[in-house]
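*Asks:* Before anything else, here's the structure in question.
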Amino acid sequence: MIVAPHTHDETARIELLHSLHLLDTPADPVFDRITRLAARLLNVPIAVISLIDTDRQWFKSIVGLDATETPREQAFCAHAIHGTQPLVVSDAKNDKRFFDNPLVVGEPKIRFYAGAPIFSTQDIALGTLCIIDRKPRELSADDLLTLQDLAELVRREIMNLESTRLSRSVYEHSRNVAEESEAWFRATIAHAPVGIAMVGTNGQWIRVNTKLCNIVGYSADELLNLSFQEITHPDDLDIDMSYVQQMLNGELTHYTLEKRYLRKSGEPIWISLTVSLMRDNSGEPMHFISVIEDIQARKETEEALRRLRRNLEDRVQERTQQLQQTNNMLSLAVDQQRRSEDALRAQEAQLRAVLENAQDAFVSIDESGLVVQWNRQAELTFGWSRDEAIGRRLEDIIIPATYREAHNQGMKRYLKTGNAVVLNKRLELVAMRRDGSLFPVEVRISPLPSETGLLFCAFLHDISERKRADEALRNSQEQLHTIANNLPVQISYVDSDLIIRFINEAYRTDVGLAPEFALGKKLSDVLRKSFRQEIQPHVDKVLTGEQVNFEMITTIRQQERVWSSVYIPDTQNGKTIGFYIMSQDITAQKQLELSLERKATRDALTGLSNRSALMERLDDAIGRADLSGDALGVLFLDLDGFKQINDRFGHDGGDTVLKQFALRLTHCVRSSDTVARLAGDEFVILLESLKHGSNDVENIGNKILDAMRDPISVNGEPCHLSTSVGVYVWHLDQNINAEQMIATADMAMYQAKRSGKNRMHVAIDGIISSDA
């Protein structure tokens, strides 16, 4: 016995086979139907769909054997998967590869084998559709084509599994990325020390965190039913809306503003607002991201300080004017000033404590660029201790070398002209740690006058994780687009406004629709009106949140194509925001199914219906007659003298007579009637919708007898033949099935034979009548 070697792509082949989850699965009616059809059409006792695993062949479907698998080393199919054409072994005992194979010398005693390899979409052989006989035989060219056609059906079913697996992978991966992004966003904003919100372009709150709710005094549900305009102080609304319009016009990417909100209680509260606009891939605005910091305490402190200064100035003026007042009055004023200074020092200490414990790095430098303040988070972020950083030049410890010149020139320009492009703005810059590594930071720099001169204060936040998450998301989206563009399936995504948001390259290949043309357009601007009207019910249904599966026929490049489509709803928070479309061309599969159906229901010699098709139509006809009340007629016909034709002219001559007889029968009946060949020279005609019962049947029978008066030419010689006809007429009140109807008509035909042939006998209610 010669054992088949492994294939050249064995590792990839096994990996793909396992990924399809076909091995060790329950019986599948689709595959079982194919093996039964193979056994019946090719007249073999055994038919198998075999999958070649690492060390076994496993049978996905089998007819004629009880086994589920065999060792791979014994498998004929392990040899078959090495070729692209079917492997045919006419007699295994005369083949050096198999003569001593245990499956040949023992059960099931294989003598004949034919196996057509089954390939995946990547042209990787997964197994075979094979037929087996226990006796030697030759396979005709027609039978070989039939085996290949059936193997193609298996291949297409497996291709459907592959496409489903890849589509599900694309869908699950997209959903997982979205869920991870959502979880990250929620975790981030939920614990943020400042208010964070997502705001629609119309001002409606979309998402808010707990800190924002605490600032404005509303619950999250209450805020989501409001817009930011409704809680903004009327005196601050115009400047805020001006910045919003500039962002929507593309003039700004973000802005920062100090303004007042109106709390739920009606009292105003000062906040520092930073807003960024998010756009989609096409540049269209999607929503705003707002960061809100409560500065009410700071504003109150500033106001207290202003009042205090005015008070002090008033008191100094009062002391100047009342210089003659007593020392007690002077002492009182001094005491008051001391208490005020103590209060200021306490407030300064509080501010220093807040800065020291801030979540962001806080750094302050003087006009010469020397560090004068450096909080605990700055130590953690940059790796320099406070003692090491204070007194050093900022550019030497956190500014990368490539940016230092720009930093110095910017400071000089501001100190000289008062103009700066980076102050009081939220920026993303590159910073440097003590070990020299670079990382992105979000920074806001503000100038602050002091007793010793101008100070520059900055809050810096490490955004490395956010940048990595953004990059990972972009890479994931690019990978998904690459996968989708290389699938043999049309994939697209349409939002609830029926605007195409994604479309893969398969549309260009299959229907000539360029993705760059369709992207961002409404379905009504891309699809033909007739096509839109045909799919509109499916679109309406999927937008209700229900998945839709359907098939439809379209004409593309003057050819009819059959498409299998599935619409999958995209639902978030109970609302359908769009849907995915996956469509596949199944024209070839449908054509193959039709061809096989014709082979299974047609007589190969005459082209008439065979016995199987006749019995099915007769059962259906009885059902229709039960509803309509019309009679049915069955004519059983047998050629008189057909044996003599075969003896004289051989089987070819007999075949000529049978085909001519079938043609004459067809001409004698209506297009709605069924003419079938049972076997040999036996034929049956089914007549439906008989308004006049036996009279209609007898008229047809007489037409047939008359048609046979003309001779049939066989090899140029005229041959006179006749036919004997048995008739059964069924009425609504008769309890008889299809087999009994044919048997009764057959008995009537034999009565016609016994009465002299070339005549018709009619059986009514199962009783044979006299000659008709």
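Naming scheme: A, B, ... for chains in displayed order of the structure tokens; residues 1 onward per chain; ligands 1 onward as shown.
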Considering only C-alpha atoms, return as a compact mmCIF listing (two decimals) with C-alpha atoms, in the first residue's frame whatever protein or nucleic-acid residues lie within 10 Å of Ser689 (chain A), sequence-local ones (same chain, fewer than 6 positions apart) excluded.

*Replies:*
```txt
# COMPACT_ATOMS: atom_id res chain seq x y z
CA ALA A 621 -52.97 17.38 -9.10
CA ARG A 624 -55.80 20.85 -6.71
CA ALA A 625 -58.74 18.71 -7.83
CA SER A 628 -61.67 22.72 -7.70
CA GLY A 629 -63.92 19.63 -7.90
CA ASP A 630 -62.73 18.90 -11.48
CA ALA A 631 -62.06 15.34 -12.63
CA LEU A 632 -58.58 13.87 -13.35
CA GLY A 633 -57.63 11.45 -16.09
CA SER A 672 -50.88 21.86 -19.14
CA ASP A 673 -50.97 18.03 -19.28
CA ASP A 696 -62.53 14.47 -22.34
```

*Asks:* Which neighbours of Glu546 (chain A) fall inside 7 Å, counting only C-alpha atoms, when residues of the same chain fewer than 3 positions from it are skipped, and could you give them as JSON, numbers by chain?

*Replies:* {"A": [541, 542, 569]}

*Asks:* List every residue of region 43-221 of chain A that DSSP, applied to the backbone of this structure, places in helix (DSSP H, G or I), and write the result as a VMD selection string.

*Replies:* chain A and resid 72 to 74 77 to 80 92 to 94 102 to 105 141 to 190 210 to 216 220 to 221

*Asks:* Step one, run DSSP on the backbone; step two, keep only residues of region 259-338 of chain A assigned to strand (DSSP E); then write them as an NGL selection string.

*Replies:* :A and (259-262 or 268-279 or 285-294)

*Asks:* Keeping only C-alpha atoms, take the residues you just selected and write them out as an mmCIF file, in the first residue's frame.

*Replies:*
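part-v6.cif, freshly written:
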```
data_model
loop_
_atom_site.group_PDB
_atom_site.id
_atom_site.type_symbol
_atom_site.label_atom_id
_atom_site.label_comp_id
_atom_site.auth_asym_id
_atom_site.auth_seq_id
_atom_site.Cartn_x
_atom_site.Cartn_y
_atom_site.Cartn_z
ATOM 1 C CA LYS A 259 -18.296 81.679 31.086
ATOM 2 C CA ARG A 260 -21.221 81.142 33.420
ATOM 3 C CA TYR A 261 -23.699 78.261 33.563
ATOM 4 C CA LEU A 262 -27.024 78.521 35.366
ATOM 5 C CA PRO A 268 -24.858 81.178 38.219
ATOM 6 C CA ILE A 269 -21.555 79.285 38.405
ATOM 7 C CA TRP A 270 -18.312 80.231 36.681
ATOM 8 C CA ILE A 271 -16.589 77.547 34.584
ATOM 9 C CA SER A 272 -13.580 77.285 32.281
ATOM 10 C CA LEU A 273 -14.730 75.653 29.015
ATOM 11 C CA THR A 274 -12.505 73.973 26.408
ATOM 12 C CA VAL A 275 -14.280 72.660 23.278
ATOM 13 C CA SER A 276 -13.010 70.503 20.370
ATOM 14 C CA LEU A 277 -14.957 69.508 17.240
ATOM 15 C CA MET A 278 -14.881 65.874 16.060
ATOM 16 C CA ARG A 279 -15.358 65.225 12.342
ATOM 17 C CA PRO A 285 -18.900 67.612 11.822
ATOM 18 C CA MET A 286 -20.105 64.831 14.165
ATOM 19 C CA HIS A 287 -20.090 66.269 17.712
ATOM 20 C CA PHE A 288 -18.182 68.438 20.196
ATOM 21 C CA ILE A 289 -16.030 67.219 23.093
ATOM 22 C CA SER A 290 -16.253 69.706 25.975
ATOM 23 C CA VAL A 291 -14.062 69.859 29.096
ATOM 24 C CA ILE A 292 -15.600 71.930 31.909
ATOM 25 C CA GLU A 293 -13.657 73.044 34.999
ATOM 26 C CA ASP A 294 -15.412 74.590 38.025
#
```

*Asks:* Give me the residues of region 222-306 of chain A that have any atom at most 9 Å from an atom of region 418-430 of chain A; for each, the nearest atom pair and the distance in Å, rounded to one decimal. Use only C-alpha atoms, sort by chain and number, and format it as a tab-separated table.

*Replies:*
```
residue	atom	partner	partner_atom	distance
A:His254	CA	A:Arg426	CA	8.0
A:Tyr255	CA	A:Lys425	CA	7.2
A:Thr256	CA	A:Lys425	CA	6.6
A:Thr274	CA	A:Arg426	CA	7.7
```

*Asks:* Gln347 (chain A): which residues within 12 Å, counting only C-alpha atoms, same-chain residues fewer than 3 positions away excluded, as a PyMOL selection string?

*Replies:* chain A and resi 297-298+300-302+304-305+340-344+350-354

*Asks:* Name all residues at most 12 Å from Gly701 (chain A) (count only C-alpha atoms; drop same-chain ones fewer than 5 positions away) and give them as a compact mmCIF listing (two decimals) with C-alpha atoms, in the first residue's frame.

*Replies:*
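The new file selection.txt reads:
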```
# COMPACT_ATOMS: atom_id res chain seq x y z
CA GLY A 633 -57.63 11.45 -16.09
CA VAL A 634 -54.74 8.91 -16.19
CA LEU A 635 -53.85 7.13 -19.47
CA PHE A 636 -51.48 4.12 -19.34
CA LEU A 637 -50.03 3.32 -22.83
CA LEU A 665 -48.09 11.81 -27.49
CA CYS A 668 -51.97 15.02 -28.75
CA VAL A 669 -52.30 16.68 -25.33
CA VAL A 684 -48.44 7.58 -18.71
CA ILE A 685 -50.41 10.76 -19.43
CA LEU A 686 -51.92 12.91 -16.63
CA LEU A 687 -54.89 15.10 -17.63
CA SER A 694 -64.44 10.50 -19.18
CA ASN A 695 -65.56 12.15 -22.43
CA ASP A 696 -62.53 14.47 -22.34
CA ASP A 706 -55.43 8.01 -34.73
CA ALA A 707 -51.92 9.47 -34.51
CA MET A 708 -50.43 5.96 -34.52
CA THR A 723 -50.72 1.28 -28.92
CA SER A 724 -53.00 -0.11 -26.26
CA VAL A 725 -54.45 2.50 -23.89
CA GLY A 726 -55.79 2.00 -20.35
CA VAL A 727 -57.79 4.90 -18.87
CA TYR A 728 -58.76 5.78 -15.30
CA MET A 749 -54.31 -1.20 -20.58
CA ASN A 758 -54.79 -0.98 -30.84
CA ARG A 759 -57.68 0.11 -28.68
CA MET A 760 -58.64 1.84 -25.42
CA HIS A 761 -60.28 0.54 -22.25
CA VAL A 762 -61.74 2.85 -19.60
CA ASP A 771 -63.78 -1.01 -25.19
CA ALA A 772 -63.93 2.70 -25.86
```

*Asks:* Counting only C-alpha atoms, which residue out of A:His79, A:Arg664, A:Arg413, A:Arg137 sits closest to Ile700 (chain A)?

*Replies:* A:Arg664

*Asks:* Pick out the closest residue to Ile577 (chain A) from this set: A:Thr544, A:Ser524, A:Ser713, A:Ser609. Count only C-alpha atoms.

*Replies:*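 Once distances to Ile577 (chain A) are computed over only C-alpha atoms, the minimum belongs to A:Thr544.
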
*Asks:* So that I can check the surroundings of Leu126 (chain A), please list as a list in words every protein, DNA and RNA residue that reaches within 7 Å of it, counting only C-alpha atoms and ignoring chain neighbours fewer than 2 positions away.

*Replies:* Arg13, Leu17, Leu51, Ile52, Ile118, Phe119, Ser120 and Ile124 of chain A

*Asks:* Find the residues near Asn715 (chain A): any atom within 9 Å, counting only C-alpha atoms, skip ones fewer than 5 places away on the same chain, and give them as number ranges by chain.

*Replies:* A: 649, 653, 656

*Asks:* As a list in words, please: the residues near Phe502 (chain A) (cut-off 7 Å, only C-alpha atoms, same-chain neighbours under 6 positions excluded).

*Replies:*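 The neighbour list is Ser492, Tyr493 and Leu519 of chain A.
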
*Asks:* What would the file look like if the residues just selected were written as a PDB file, in the first residue's frame with C-alpha atoms?

*Replies:*
```pdb
ATOM      1  CA  SER A 492     -21.558  48.155   2.807  1.00  0.00           C
ATOM      2  CA  TYR A 493     -22.920  50.194   5.703  1.00  0.00           C
ATOM      3  CA  LEU A 519     -19.394  57.048  -0.322  1.00  0.00           C
TER       4      LEU A 519
END
```

*Asks:* Can you measure CA of Arg263 (chain A) to CA of Val216 (chain A) for me? One decimal in Å is fine.

*Replies:*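 Taking CA of Arg263 (chain A) as the start and CA of Val216 (chain A) as the end point, the length is 4.5 Å.
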
*Asks:* Can you work out which one of A:Lys93, A:Lys757, A:Arg156, A:Pro537 has the shortest atom-to-atom distance to Gly106 (chain A), counting only C-alpha atoms?

*Replies:*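 The closest residue to Gly106 (chain A) is A:Lys93.
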
*Asks:* Rounded to one decimal place, report the CA of Tyr567 (chain A)-CA of Gly283 (chain A) distance in Å.

*Replies:*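 CA of Tyr567 (chain A) sits 27.0 Å away from CA of Gly283 (chain A).
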